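Peer 1: Take this structure, written in structure tokens, and hold onto it; I'll ask about it next.
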Amino acid sequence: MIEVSNLRKEYGDLVAVDGASFSARPGEIFGLLGPNGAGKSTSIGCISGLLKPSSGQVRVLGHDVVRDARAARASLGVVPQELALYEDLNARQNLQFWGAAYELRGSELKNRVQEVLEICGLLDRADEAVKKFSGGMKRRLNFGCGIVHRPKVILLDEPTVGVDPQSRVRLLDLVKEEAKRGVTVLYTTHYMEEAQELCDQLAIIDHGKMVASGTMDELRGMMGERDLLRMSGSFDPHSTEAAIAKLPGLELVSVDAESLMLATAEGSKRLPELFACLSKVGAEVRETTLSQPNLENLFIKLTGRELRE
């Protein structure tokens with residue numbers, strides 16, 4: 001349904017997406033997980049045809065988004081991070097506009113708008129101006145505008161940013177329902193818990209590069225049985241790195257003047273020798289956090305930083 005091969009997008013000297021490749025099947029929720037600025041929205045822009053790739057190829061239902069743009073877009077529904085709503089119109093009118101843009105007419109358009117209003121929980125507010133809606137209601141309507149024409153592929157770019165917990169749960173349920181109907185969903189997020197709850201396949205993206213991809217179990221397995229040790233304090237990076245290299249079974253993830261991150265099996269048992277080793281090179285440890293293997297630890301291990309940084 002979606003095929004991305006060696007996608008690259010440059011803005012002058014800035015490389016926003018650098019060689020991304022992945023594919024998504026019918027009924028699958030494929031997630032792009034990464035911090036703000038990682039290249040997720042740019043990838044969505046290239047797949048939707050709003051941005052022209054610098055190189056590489058993107059196909060939607062077999063149609064090249066550059067050479068056969070109209071056919072590719074006909075099957076797409078796009079839910080952008082920035083709300084694509086006319087706030088002076090009411091919810092029904094917004095849905096009618098976007099449905100008509102995809103050539104729905106007459107009773108088909110009327111019935112589908114009514115159906116989407118019900119799906120999104122907005123039927124009782126259908127004739128109220130959107131500018132009076134809460135943030136969560138606007139997000140749900142934004143989603144509705146993206147599915148009103150029954151697309152076979154939906155691109156969702158951070159659809160739950162800034163919404164209340166109740167609206168977030170409702171939006172995630174709407175995404176799952178679309179996938180159950182056989183729709184392919186490409187979902188970008190920087191929320192770890194959303195990725196873990198929703199996605200059948202997942203790609204971790206950072207600085208425009210895909211650093212890992214696979215099922216949730218495959219990604220978790222990349223951490224093996226190793227814990228992640230995070231220490232804050234005072235460190236000389238050069239001497240700390242040299243000292244850690246002498247300890248078998250410890251993998252240095254990152255080190256700077258104020259923090260140290262390591263991956264190791266049975267981390268709690270390694271603490272005494274680690275503290276002794278660091279003391280010998282003049283390091284001062286003020287706080288230590290030990291966490292067991294999970295997706296967030298994998299992201300830190302691969303990128304050397306927290307997801308929300």
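Chain labels A, B, ... are given in the sequence in which chains occur in the structure tokens; within each chain residues are numbered consecutively from 1, and ligands are likewise numbered from 1 in the order shown.
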Set the distance at 10 Å and use only C-alpha atoms: which residues neighbour range 53-63 of chain A once local chain neighbours fewer than 5 positions away are removed? I'd like the list as a ChimeraX atom specification.
Peer 2: /A:1-11,15,17-26,42-43,45-48,68-76,152-153
Peer 1: For the selection just defined, write its residues with N, CA and C atoms to a file, as an mmCIF file, in the first residue's frame.
Peer 2:
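Printed below is out22.cif as written:
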data_model
loop_
_atom_site.group_PDB
_atom_site.id
_atom_site.type_symbol
_atom_site.label_atom_id
_atom_site.label_comp_id
_atom_site.auth_asym_id
_atom_site.auth_seq_id
_atom_site.Cartn_x
_atom_site.Cartn_y
_atom_site.Cartn_z
ATOM 1 N N MET A 1 0.828 -1.211 0.000
ATOM 2 C CA MET A 1 0.000 0.000 0.000
ATOM 3 C C MET A 1 0.863 1.262 0.000
ATOM 4 N N ILE A 2 1.927 1.237 0.803
ATOM 5 C CA ILE A 2 2.917 2.319 0.795
ATOM 6 C C ILE A 2 4.288 1.680 0.604
ATOM 7 N N GLU A 3 5.030 2.178 -0.377
ATOM 8 C CA GLU A 3 6.402 1.707 -0.603
ATOM 9 C C GLU A 3 7.327 2.919 -0.684
ATOM 10 N N VAL A 4 8.258 2.994 0.236
ATOM 11 C CA VAL A 4 9.230 4.089 0.273
ATOM 12 C C VAL A 4 10.611 3.496 0.085
ATOM 13 N N SER A 5 11.327 3.992 -0.904
ATOM 14 C CA SER A 5 12.643 3.442 -1.218
ATOM 15 C C SER A 5 13.687 4.546 -1.313
ATOM 16 N N ASN A 6 14.650 4.514 -0.398
ATOM 17 C CA ASN A 6 15.780 5.455 -0.385
ATOM 18 C C ASN A 6 15.335 6.913 -0.483
ATOM 19 N N LEU A 7 14.303 7.247 0.264
ATOM 20 C CA LEU A 7 13.766 8.610 0.233
ATOM 21 C C LEU A 7 14.766 9.592 0.844
ATOM 22 N N ARG A 8 15.006 10.655 0.117
ATOM 23 C CA ARG A 8 15.905 11.712 0.584
ATOM 24 C C ARG A 8 15.281 13.063 0.249
ATOM 25 N N LYS A 9 15.297 13.957 1.251
ATOM 26 C CA LYS A 9 14.788 15.297 1.022
ATOM 27 C C LYS A 9 15.767 16.297 1.606
ATOM 28 N N GLU A 10 16.245 17.206 0.750
ATOM 29 C CA GLU A 10 17.223 18.212 1.152
ATOM 30 C C GLU A 10 16.619 19.610 1.028
ATOM 31 N N TYR A 11 17.014 20.470 1.958
ATOM 32 C CA TYR A 11 16.716 21.897 1.871
ATOM 33 C C TYR A 11 18.061 22.622 1.905
ATOM 34 N N VAL A 15 19.769 18.168 5.348
ATOM 35 C CA VAL A 15 19.172 16.910 4.903
ATOM 36 C C VAL A 15 18.098 16.526 5.915
ATOM 37 N N VAL A 17 15.474 14.259 5.414
ATOM 38 C CA VAL A 17 15.262 12.808 5.372
ATOM 39 C C VAL A 17 16.404 12.212 4.573
ATOM 40 N N ASP A 18 17.028 11.185 5.132
ATOM 41 C CA ASP A 18 18.275 10.679 4.561
ATOM 42 C C ASP A 18 18.212 9.174 4.311
ATOM 43 N N GLY A 19 17.665 8.800 3.135
ATOM 44 C CA GLY A 19 17.703 7.405 2.718
ATOM 45 C C GLY A 19 16.706 6.490 3.397
ATOM 46 N N ALA A 20 15.510 6.984 3.714
ATOM 47 C CA ALA A 20 14.497 6.165 4.386
ATOM 48 C C ALA A 20 13.883 5.155 3.428
ATOM 49 N N SER A 21 13.720 3.922 3.910
ATOM 50 C CA SER A 21 13.072 2.862 3.137
ATOM 51 C C SER A 21 12.171 2.053 4.058
ATOM 52 N N PHE A 22 10.919 1.852 3.656
ATOM 53 C CA PHE A 22 10.005 0.994 4.403
ATOM 54 C C PHE A 22 8.768 0.734 3.552
ATOM 55 N N SER A 23 7.949 -0.213 3.979
ATOM 56 C CA SER A 23 6.691 -0.495 3.293
ATOM 57 C C SER A 23 5.630 -0.827 4.328
ATOM 58 N N ALA A 24 4.374 -0.587 3.985
ATOM 59 C CA ALA A 24 3.255 -0.854 4.890
ATOM 60 C C ALA A 24 2.159 -1.590 4.142
ATOM 61 N N ARG A 25 1.593 -2.601 4.783
ATOM 62 C CA ARG A 25 0.597 -3.466 4.164
ATOM 63 C C ARG A 25 -0.830 -3.038 4.523
ATOM 64 N N PRO A 26 -1.834 -3.612 3.823
ATOM 65 C CA PRO A 26 -3.232 -3.293 4.148
ATOM 66 C C PRO A 26 -3.561 -3.650 5.598
ATOM 67 N N THR A 42 8.410 15.703 7.339
ATOM 68 C CA THR A 42 8.937 15.802 5.969
ATOM 69 C C THR A 42 8.651 14.519 5.197
ATOM 70 N N SER A 43 8.791 13.380 5.862
ATOM 71 C CA SER A 43 8.474 12.097 5.221
ATOM 72 C C SER A 43 7.006 12.058 4.812
ATOM 73 N N GLY A 45 5.130 14.611 4.189
ATOM 74 C CA GLY A 45 4.973 15.552 3.092
ATOM 75 C C GLY A 45 5.360 14.952 1.752
ATOM 76 N N CYS A 46 6.427 14.165 1.737
ATOM 77 C CA CYS A 46 6.867 13.523 0.490
ATOM 78 C C CYS A 46 5.901 12.422 0.062
ATOM 79 N N ILE A 47 5.388 11.653 1.015
ATOM 80 C CA ILE A 47 4.474 10.564 0.683
ATOM 81 C C ILE A 47 3.145 11.124 0.176
ATOM 82 N N SER A 48 2.707 12.229 0.755
ATOM 83 C CA SER A 48 1.431 12.818 0.345
ATOM 84 C C SER A 48 1.525 13.565 -0.974
ATOM 85 N N ASP A 68 2.814 9.982 -11.090
ATOM 86 C CA ASP A 68 1.387 9.682 -11.204
ATOM 87 C C ASP A 68 0.666 10.228 -9.969
ATOM 88 N N ALA A 69 0.865 11.517 -9.739
ATOM 89 C CA ALA A 69 0.443 12.147 -8.487
ATOM 90 C C ALA A 69 -1.058 12.062 -8.256
ATOM 91 N N ARG A 70 -1.849 12.305 -9.285
ATOM 92 C CA ARG A 70 -3.307 12.335 -9.103
ATOM 93 C C ARG A 70 -3.831 10.972 -8.651
ATOM 94 N N ALA A 71 -3.356 9.912 -9.278
ATOM 95 C CA ALA A 71 -3.815 8.564 -8.919
ATOM 96 C C ALA A 71 -3.356 8.198 -7.514
ATOM 97 N N ALA A 72 -2.142 8.606 -7.147
ATOM 98 C CA ALA A 72 -1.626 8.304 -5.811
ATOM 99 C C ALA A 72 -2.437 9.026 -4.741
ATOM 100 N N ARG A 73 -2.749 10.280 -4.975
ATOM 101 C CA ARG A 73 -3.467 11.079 -3.976
ATOM 102 C C ARG A 73 -4.919 10.655 -3.837
ATOM 103 N N ALA A 74 -5.493 10.060 -4.883
ATOM 104 C CA ALA A 74 -6.901 9.681 -4.847
ATOM 105 C C ALA A 74 -7.206 8.688 -3.734
ATOM 106 N N SER A 75 -6.222 7.907 -3.343
ATOM 107 C CA SER A 75 -6.422 6.880 -2.320
ATOM 108 C C SER A 75 -5.945 7.323 -0.944
ATOM 109 N N LEU A 76 -5.469 8.563 -0.840
ATOM 110 C CA LEU A 76 -4.870 9.045 0.399
ATOM 111 C C LEU A 76 -5.830 9.885 1.232
ATOM 112 N N LYS A 152 -7.959 4.570 1.314
ATOM 113 C CA LYS A 152 -7.361 3.263 1.593
ATOM 114 C C LYS A 152 -6.063 3.389 2.374
ATOM 115 N N VAL A 153 -5.486 4.589 2.362
ATOM 116 C CA VAL A 153 -4.253 4.876 3.096
ATOM 117 C C VAL A 153 -4.441 6.196 3.839
#
Peer 1: Considering only strand (DSSP E or B) as DSSP defines it on the backbone, what residues of range 37-69 of chain A qualify? List them as a PDB file with N, CA and C atoms, in the first residue's frame.
Peer 2:
ATOM      1  N   SER A  55      15.518  12.757  -3.943  1.00  0.00           N
ATOM      2  CA  SER A  55      15.834  11.506  -4.635  1.00  0.00           C
ATOM      3  C   SER A  55      15.065  10.385  -3.958  1.00  0.00           C
ATOM      4  N   GLY A  56      15.119   9.209  -4.562  1.00  0.00           N
ATOM      5  CA  GLY A  56      14.365   8.075  -4.047  1.00  0.00           C
ATOM      6  C   GLY A  56      12.987   8.008  -4.682  1.00  0.00           C
ATOM      7  N   GLN A  57      12.205   7.054  -4.213  1.00  0.00           N
ATOM      8  CA  GLN A  57      10.888   6.822  -4.816  1.00  0.00           C
ATOM      9  C   GLN A  57       9.853   6.525  -3.740  1.00  0.00           C
ATOM     10  N   VAL A  58       8.642   7.025  -3.953  1.00  0.00           N
ATOM     11  CA  VAL A  58       7.510   6.741  -3.072  1.00  0.00           C
ATOM     12  C   VAL A  58       6.342   6.290  -3.941  1.00  0.00           C
ATOM     13  N   ARG A  59       5.741   5.157  -3.567  1.00  0.00           N
ATOM     14  CA  ARG A  59       4.566   4.650  -4.269  1.00  0.00           C
ATOM     15  C   ARG A  59       3.416   4.456  -3.285  1.00  0.00           C
ATOM     16  N   VAL A  60       2.216   4.827  -3.714  1.00  0.00           N
ATOM     17  CA  VAL A  60       0.995   4.579  -2.957  1.00  0.00           C
ATOM     18  C   VAL A  60       0.071   3.760  -3.845  1.00  0.00           C
ATOM     19  N   HIS A  63       1.229   3.554  -7.341  1.00  0.00           N
ATOM     20  CA  HIS A  63       1.344   4.790  -8.120  1.00  0.00           C
ATOM     21  C   HIS A  63       2.474   5.653  -7.575  1.00  0.00           C
ATOM     22  N   ASP A  64       3.368   6.068  -8.446  1.00  0.00           N
ATOM     23  CA  ASP A  64       4.457   6.952  -8.062  1.00  0.00           C
ATOM     24  C   ASP A  64       3.891   8.331  -7.717  1.00  0.00           C
TER      25      ASP A  64
END
Peer 1: CA of Val169 in chain A to CA of Pro35 in chain A: how many Å, to one decimal?
Peer 2: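 Between CA of Val169 in chain A and CA of Pro35 in chain A the gap is 21.2 Å.
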Peer 1: Any idea what's packed within 10 Å of range 260-271 of chain A, counting only C-alpha atoms, ignoring anything in its chain fewer than 6 positions away? Could you give it as a CSV table (one decimal) with C-alpha atoms, in the first residue's frame?
Peer 2:
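The file below, part-v3.csv, is the result:
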chain,number,residue,atom,x,y,z
A,223,MET,CA,18.2,-4.4,23.7
A,224,GLY,CA,18.6,-8.0,24.6
A,225,GLU,CA,18.5,-8.6,28.3
A,226,ARG,CA,20.6,-5.5,29.0
A,227,ASP,CA,19.5,-2.8,31.5
A,228,LEU,CA,20.2,0.8,30.8
A,229,LEU,CA,22.3,2.7,33.4
A,230,ARG,CA,22.0,6.5,33.5
A,231,MET,CA,24.3,8.5,35.7
A,232,SER,CA,24.5,12.2,36.4
A,233,GLY,CA,27.4,14.0,38.0
A,234,SER,CA,30.8,15.2,36.8
A,235,PHE,CA,32.8,13.2,34.2
A,237,PRO,CA,34.6,12.0,28.8
A,240,THR,CA,35.7,7.8,31.6
A,241,GLU,CA,35.5,6.2,28.2
A,244,ILE,CA,34.7,1.8,30.9
A,247,LEU,CA,35.2,-3.5,32.1
A,248,PRO,CA,33.8,-6.5,30.1
A,249,GLY,CA,30.1,-6.6,29.3
A,250,LEU,CA,29.6,-2.8,29.6
A,251,GLU,CA,28.6,-0.9,26.5
A,252,LEU,CA,29.1,2.8,26.5
A,253,VAL,CA,26.0,4.6,25.0
A,254,SER,CA,27.1,8.2,25.6
A,277,CYS,CA,36.2,2.3,38.4
A,285,VAL,CA,28.3,10.3,40.5
A,288,THR,CA,22.0,6.7,39.2
A,289,THR,CA,18.9,5.4,37.4
A,290,LEU,CA,18.6,1.7,36.4
A,291,SER,CA,15.8,0.7,33.9
A,292,GLN,CA,15.0,-2.6,32.3
A,293,PRO,CA,14.9,-3.3,28.6
A,297,ASN,CA,15.9,2.4,26.3
A,298,LEU,CA,16.4,1.2,22.7
A,300,ILE,CA,18.4,6.1,24.0
A,301,LYS,CA,20.9,3.3,23.1
A,304,GLY,CA,22.3,8.6,22.8
A,305,ARG,CA,19.5,10.9,24.0
Peer 1: Going by DSSP on the backbone, which residues of range 85-121 of chain A come out as helix (DSSP H, G or I)? List them as a PyMOL selection string.
Peer 2: chain A and resi 91-101+106-119
Peer 1: How would the residues just chosen look if you wrote them out with N, CA and C atoms as a PDB file, in the first residue's frame?
Peer 2:
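Contents of part_28.pdb, as written:
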ATOM      1  N   ALA A  91     -18.887  22.082  11.864  1.00  0.00           N
ATOM      2  CA  ALA A  91     -18.260  20.780  11.633  1.00  0.00           C
ATOM      3  C   ALA A  91     -18.810  20.117  10.376  1.00  0.00           C
ATOM      4  N   ARG A  92     -20.117  20.185  10.199  1.00  0.00           N
ATOM      5  CA  ARG A  92     -20.738  19.564   9.027  1.00  0.00           C
ATOM      6  C   ARG A  92     -20.221  20.194   7.732  1.00  0.00           C
ATOM      7  N   GLN A  93     -20.121  21.505   7.714  1.00  0.00           N
ATOM      8  CA  GLN A  93     -19.657  22.199   6.506  1.00  0.00           C
ATOM      9  C   GLN A  93     -18.203  21.871   6.192  1.00  0.00           C
ATOM     10  N   ASN A  94     -17.366  21.738   7.220  1.00  0.00           N
ATOM     11  CA  ASN A  94     -15.986  21.335   6.985  1.00  0.00           C
ATOM     12  C   ASN A  94     -15.921  19.966   6.330  1.00  0.00           C
ATOM     13  N   LEU A  95     -16.684  19.033   6.848  1.00  0.00           N
ATOM     14  CA  LEU A  95     -16.692  17.680   6.279  1.00  0.00           C
ATOM     15  C   LEU A  95     -17.254  17.678   4.861  1.00  0.00           C
ATOM     16  N   GLN A  96     -18.277  18.489   4.624  1.00  0.00           N
ATOM     17  CA  GLN A  96     -18.842  18.581   3.275  1.00  0.00           C
ATOM     18  C   GLN A  96     -17.827  19.127   2.281  1.00  0.00           C
ATOM     19  N   PHE A  97     -17.065  20.130   2.721  1.00  0.00           N
ATOM     20  CA  PHE A  97     -16.046  20.720   1.848  1.00  0.00           C
ATOM     21  C   PHE A  97     -15.013  19.676   1.439  1.00  0.00           C
ATOM     22  N   TRP A  98     -14.447  18.964   2.448  1.00  0.00           N
ATOM     23  CA  TRP A  98     -13.398  18.007   2.129  1.00  0.00           C
ATOM     24  C   TRP A  98     -13.936  16.790   1.393  1.00  0.00           C
ATOM     25  N   GLY A  99     -15.166  16.392   1.688  1.00  0.00           N
ATOM     26  CA  GLY A  99     -15.761  15.297   0.930  1.00  0.00           C
ATOM     27  C   GLY A  99     -15.960  15.668  -0.527  1.00  0.00           C
ATOM     28  N   ALA A 100     -16.434  16.891  -0.765  1.00  0.00           N
ATOM     29  CA  ALA A 100     -16.643  17.357  -2.138  1.00  0.00           C
ATOM     30  C   ALA A 100     -15.328  17.486  -2.892  1.00  0.00           C
ATOM     31  N   ALA A 101     -14.255  17.840  -2.161  1.00  0.00           N
ATOM     32  CA  ALA A 101     -12.944  17.950  -2.805  1.00  0.00           C
ATOM     33  C   ALA A 101     -12.490  16.606  -3.371  1.00  0.00           C
ATOM     34  N   GLY A 106     -24.057  14.695  -3.581  1.00  0.00           N
ATOM     35  CA  GLY A 106     -25.429  14.338  -3.293  1.00  0.00           C
ATOM     36  C   GLY A 106     -25.623  13.546  -2.015  1.00  0.00           C
ATOM     37  N   SER A 107     -26.460  12.506  -2.116  1.00  0.00           N
ATOM     38  CA  SER A 107     -26.801  11.710  -0.939  1.00  0.00           C
ATOM     39  C   SER A 107     -25.593  10.954  -0.400  1.00  0.00           C
ATOM     40  N   GLU A 108     -24.672  10.590  -1.273  1.00  0.00           N
ATOM     41  CA  GLU A 108     -23.464   9.893  -0.815  1.00  0.00           C
ATOM     42  C   GLU A 108     -22.652  10.788   0.115  1.00  0.00           C
ATOM     43  N   LEU A 109     -22.490  12.048  -0.264  1.00  0.00           N
ATOM     44  CA  LEU A 109     -21.764  13.001   0.576  1.00  0.00           C
ATOM     45  C   LEU A 109     -22.525  13.256   1.881  1.00  0.00           C
ATOM     46  N   LYS A 110     -23.820  13.477   1.781  1.00  0.00           N
ATOM     47  CA  LYS A 110     -24.627  13.764   2.971  1.00  0.00           C
ATOM     48  C   LYS A 110     -24.567  12.618   3.970  1.00  0.00           C
ATOM     49  N   ASN A 111     -24.725  11.391   3.489  1.00  0.00           N
ATOM     50  CA  ASN A 111     -24.721  10.223   4.367  1.00  0.00           C
ATOM     51  C   ASN A 111     -23.353   9.984   4.992  1.00  0.00           C
ATOM     52  N   ARG A 112     -22.317  10.213   4.203  1.00  0.00           N
ATOM     53  CA  ARG A 112     -20.969   9.989   4.729  1.00  0.00           C
ATOM     54  C   ARG A 112     -20.613  11.039   5.776  1.00  0.00           C
ATOM     55  N   VAL A 113     -20.989  12.277   5.564  1.00  0.00           N
ATOM     56  CA  VAL A 113     -20.734  13.324   6.556  1.00  0.00           C
ATOM     57  C   VAL A 113     -21.426  12.978   7.870  1.00  0.00           C
ATOM     58  N   GLN A 114     -22.680  12.521   7.781  1.00  0.00           N
ATOM     59  CA  GLN A 114     -23.419  12.131   8.982  1.00  0.00           C
ATOM     60  C   GLN A 114     -22.714  10.974   9.707  1.00  0.00           C
ATOM     61  N   GLU A 115     -22.221  10.036   8.925  1.00  0.00           N
ATOM     62  CA  GLU A 115     -21.535   8.877   9.496  1.00  0.00           C
ATOM     63  C   GLU A 115     -20.247   9.287  10.204  1.00  0.00           C
ATOM     64  N   VAL A 116     -19.479  10.173   9.593  1.00  0.00           N
ATOM     65  CA  VAL A 116     -18.206  10.606  10.190  1.00  0.00           C
ATOM     66  C   VAL A 116     -18.448  11.437  11.445  1.00  0.00           C
ATOM     67  N   LEU A 117     -19.479  12.274  11.426  1.00  0.00           N
ATOM     68  CA  LEU A 117     -19.819  13.038  12.631  1.00  0.00           C
ATOM     69  C   LEU A 117     -20.105  12.103  13.800  1.00  0.00           C
ATOM     70  N   GLU A 118     -20.801  11.021  13.513  1.00  0.00           N
ATOM     71  CA  GLU A 118     -21.111  10.050  14.561  1.00  0.00           C
ATOM     72  C   GLU A 118     -19.856   9.310  15.002  1.00  0.00           C
ATOM     73  N   ILE A 119     -19.032   8.904  14.050  1.00  0.00           N
ATOM     74  CA  ILE A 119     -17.789   8.191  14.359  1.00  0.00           C
ATOM     75  C   ILE A 119     -16.911   9.039  15.280  1.00  0.00           C
TER      76      ILE A 119
END
Peer 1: Using only C-alpha atoms, find the one residue out of A:Gly121, A:Gly182, A:Gly221, A:Gly135 that sits nearest to Glu87 in chain A.
Peer 2: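 Between A:Gly121, A:Gly182, A:Gly221, A:Gly135, the residue approaching Glu87 in chain A most closely is A:Gly135.
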Peer 1: Have a look at CA of Val281 in chain A and CA of Thr303 in chain A and let me know their distance in Å, one decimal.
Peer 2: 25.9 Å
Peer 1: For each of A:Lys138, A:His207, A:His190, A:Arg286, take the minimum atom-to-atom distance to Ala126 in chain A, counting only C-alpha atoms, then give the residue where this is smallest.
Peer 2: A:Lys138
Peer 1: Leaving out Leu198 in chain A and any residue of its chain fewer than 3 positions from it, which residues lie within 12 Å of it when counting only C-alpha atoms, given as an MDAnalysis selection string?
Peer 2: chainID A and resid 28:33 169 171:180 185:189 191:195 201:202 215:216
Peer 1: Return the single residue from A:Val211, A:Leu219, A:Val78, A:Val163 that is closest to Arg150 in chain A, with distances computed using only C-alpha atoms.
Peer 2: A:Val78
